[in-house]
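Novice: Following this message is one structure expressed as structure tokens.
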Amino acid sequence: VDAMVSPTPFTLRQAPETVQAAVTRIDRITSRLTGVALNYDPAAHVYKSVDGKPYLSGSKFPDRFYEPFDKKMAIEMVQKAYPDSKVTPEQLLEIWGTNGDISTNFGTAVHAALENYIKFNKMGDLIAGKDKEGKPKANKALSKNPFFSKLVNDYVEKFGIEGLLSEEFIADNDGHCGRVDAIKIVDKDKKIVRIVDFKTDTNLFEKKYQKKDSPFKGVIKENTLLTYHRFQMSYYAHILMQFGYTTE
């Protein structure tokens, strides 16, 4: 928003100043499956109720019960294990940071390739056209990158995409919400669904430990990355079950 500042007697001969007022875009989103409406700040990735109550998203829920990565301790362990390497904390942080960026960007690309095809595969077929021999060309919603196109085709062949709602927003009335990678409608009338979550970890059985005061520590005893992900999926299931859904 541009606002012209009124000139004072001392600034009449100066060019008018322009003040840029920061504007935050807020989207109103309503869950198709639960009917709950929230305000969403896409820049900050923050959800709030219409009256301003903060909501916790499913992606942030598991971190409440798990220990964060201790960089300081990890650096000390590496330096102690490899004293001849002369590695510095700055070098280790750069290595880990770059590897983290690679992993994050790869995961984002995988999600995008799957989401694009799930959402637009029918339209992608319609606008694909045909080659000189009259055969249908490649689906336009399918990535041209051979790795991602194979990944999507393999997923479709193994699981199918019929009844799949991509990037589906859900929320309840108690401060819980999330955007699920996909929700498969198994039986619409009986309200039976399946929660789908795409993960691109290299090792789902990598060790990941709950906090000492986690209320789930005595119930969930496995200390793996897979269990960590199950917290998020169970969180989504909890939201849907409040509205009469059965989650397979």
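Each chain of the structure tokens is named A, B, ... in the order shown, its residues numbered from 1; ligands are numbered from 1 in display order.
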Check range 23-193 of chain A with DSSP on the backbone and list each residue it calls alpha helix (DSSP H), as a VMD selection string.

Specialist: chain A and resid 71 to 81 89 to 126 146 to 159

Novice: To test your reading of the structure, identify every residue in range 50-96 of chain A that backbone DSSP assigns to strand (DSSP E), and report it as a list in words.

Specialist: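 Of range 50-96 of chain A, only Pro54, Tyr55, Leu56 and Ser57 of chain A fall in strand (DSSP E).
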
Novice: When you count only C-alpha atoms, which of these residues is closest to Ser49 in chain A: A:Lys140, A:Lys212, A:His176, A:Lys207?

Specialist: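 The closest residue to Ser49 in chain A is A:His176.
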
Novice: Out of A:Val110, A:Val193, A:Glu162, A:Glu248, which residue has the shortest atom-to-atom distance to Lys150 in chain A when counting only C-alpha atoms?

Specialist: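 Among the listed residues, the smallest separation from Lys150 in chain A belongs to A:Val110.
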
Novice: For Leu93 in chain A, list every protein, DNA or RNA residue within 9 Å, evaluated using only C-alpha atoms, and leave out those in the same chain fewer than 5 positions away; present the list as a PDB file with C-alpha atoms, in the first residue's frame.

Specialist:
ATOM      1  CA  LYS A  71      24.674 -29.605  16.710  1.00  0.00           C
ATOM      2  CA  ILE A  75      30.432 -31.453  16.266  1.00  0.00           C
ATOM      3  CA  THR A  88      36.235 -26.988  12.055  1.00  0.00           C
ATOM      4  CA  THR A  98      24.183 -28.231   2.195  1.00  0.00           C
TER       5      THR A  98
END

Novice: State, in Å with one decimal place, the distance from CA of Ser234 in chain A to CA of Gly163 in chain A.

Specialist: 20.8 Å

Novice: Need to verify the contact set: Tyr40 in chain A, 9 Å, only C-alpha atoms, exclusion of same-chain residues closer than 5 positions in sequence. Can you return it as a ChimeraX atom specification?

Specialist: /A:25-29,45-49

Novice: From the options A:Leu165, A:Ile118, A:Cys177, A:Val36, which residue's atoms come nearest to Tyr236 in chain A, counting only C-alpha atoms?

Specialist: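 Ranked by minimum distance to Tyr236 in chain A, first place goes to A:Cys177.
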
Novice: Go ahead and compute the interatomic distance for CA of Ala182 in chain A and CA of Ser166 in chain A, in Å to one decimal.

Specialist: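 Answer for the CA of Ala182 in chain A to CA of Ser166 in chain A separation: 4.3 Å.
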
Novice: For Asp174 in chain A, list every protein, DNA or RNA residue within 10 Å, evaluated using only C-alpha atoms, and leave out those in the same chain fewer than 2 positions away; present the list as a PDB file with N, CA and C atoms, in the first residue's frame.

Specialist:
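result33.pdb, freshly written:
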ATOM      1  N   SER A  49      -7.744 -19.398  14.078  1.00  0.00           N
ATOM      2  CA  SER A  49      -9.194 -19.427  13.933  1.00  0.00           C
ATOM      3  C   SER A  49      -9.675 -18.057  13.481  1.00  0.00           C
ATOM      4  N   LYS A  53      -7.559 -17.400  17.405  1.00  0.00           N
ATOM      5  CA  LYS A  53      -6.965 -18.453  18.220  1.00  0.00           C
ATOM      6  C   LYS A  53      -5.908 -19.214  17.406  1.00  0.00           C
ATOM      7  N   PRO A  54      -4.674 -19.391  17.942  1.00  0.00           N
ATOM      8  CA  PRO A  54      -3.626 -20.103  17.195  1.00  0.00           C
ATOM      9  C   PRO A  54      -3.942 -21.591  17.039  1.00  0.00           C
ATOM     10  N   TYR A  55      -3.567 -22.139  15.898  1.00  0.00           N
ATOM     11  CA  TYR A  55      -3.755 -23.558  15.601  1.00  0.00           C
ATOM     12  C   TYR A  55      -2.402 -24.225  15.378  1.00  0.00           C
ATOM     13  N   LEU A  56      -2.298 -25.481  15.791  1.00  0.00           N
ATOM     14  CA  LEU A  56      -1.076 -26.262  15.616  1.00  0.00           C
ATOM     15  C   LEU A  56      -1.217 -27.161  14.393  1.00  0.00           C
ATOM     16  N   ALA A 171      -9.165 -29.565   9.607  1.00  0.00           N
ATOM     17  CA  ALA A 171      -9.075 -28.862  10.890  1.00  0.00           C
ATOM     18  C   ALA A 171     -10.242 -29.257  11.775  1.00  0.00           C
ATOM     19  N   ASP A 172     -10.032 -29.156  13.091  1.00  0.00           N
ATOM     20  CA  ASP A 172     -11.132 -29.376  14.029  1.00  0.00           C
ATOM     21  C   ASP A 172     -11.424 -28.065  14.758  1.00  0.00           C
ATOM     22  N   HIS A 176      -6.400 -27.894  16.229  1.00  0.00           N
ATOM     23  CA  HIS A 176      -5.598 -28.840  15.445  1.00  0.00           C
ATOM     24  C   HIS A 176      -5.926 -28.697  13.961  1.00  0.00           C
ATOM     25  N   CYS A 177      -4.900 -28.700  13.136  1.00  0.00           N
ATOM     26  CA  CYS A 177      -5.146 -28.599  11.692  1.00  0.00           C
ATOM     27  C   CYS A 177      -3.946 -29.153  10.929  1.00  0.00           C
ATOM     28  N   ILE A 239      -7.951 -35.750  14.023  1.00  0.00           N
ATOM     29  CA  ILE A 239      -8.825 -34.661  13.550  1.00  0.00           C
ATOM     30  C   ILE A 239     -10.035 -35.237  12.824  1.00  0.00           C
TER      31      ILE A 239
END

Novice: Neighbouring residues of Arg64 in chain A were defined as those with any atom within 10 Å, considering only C-alpha atoms; residues of the same chain fewer than 4 positions away were excluded. Please report them as a list in words.

Specialist: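 Final neighbour list, sorted by chain and number: Lys60, Pro68, Gln210, Lys211 and Ser214 of chain A.
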
Novice: Taking 6 positions as the minimum chain separation for residues in the same chain, which residues sit within 12 Å of range 128-138 of chain A when counting only C-alpha atoms? Answer as a PyMOL selection string.

Specialist: chain A and resi 117+120-122+144-146+149+153
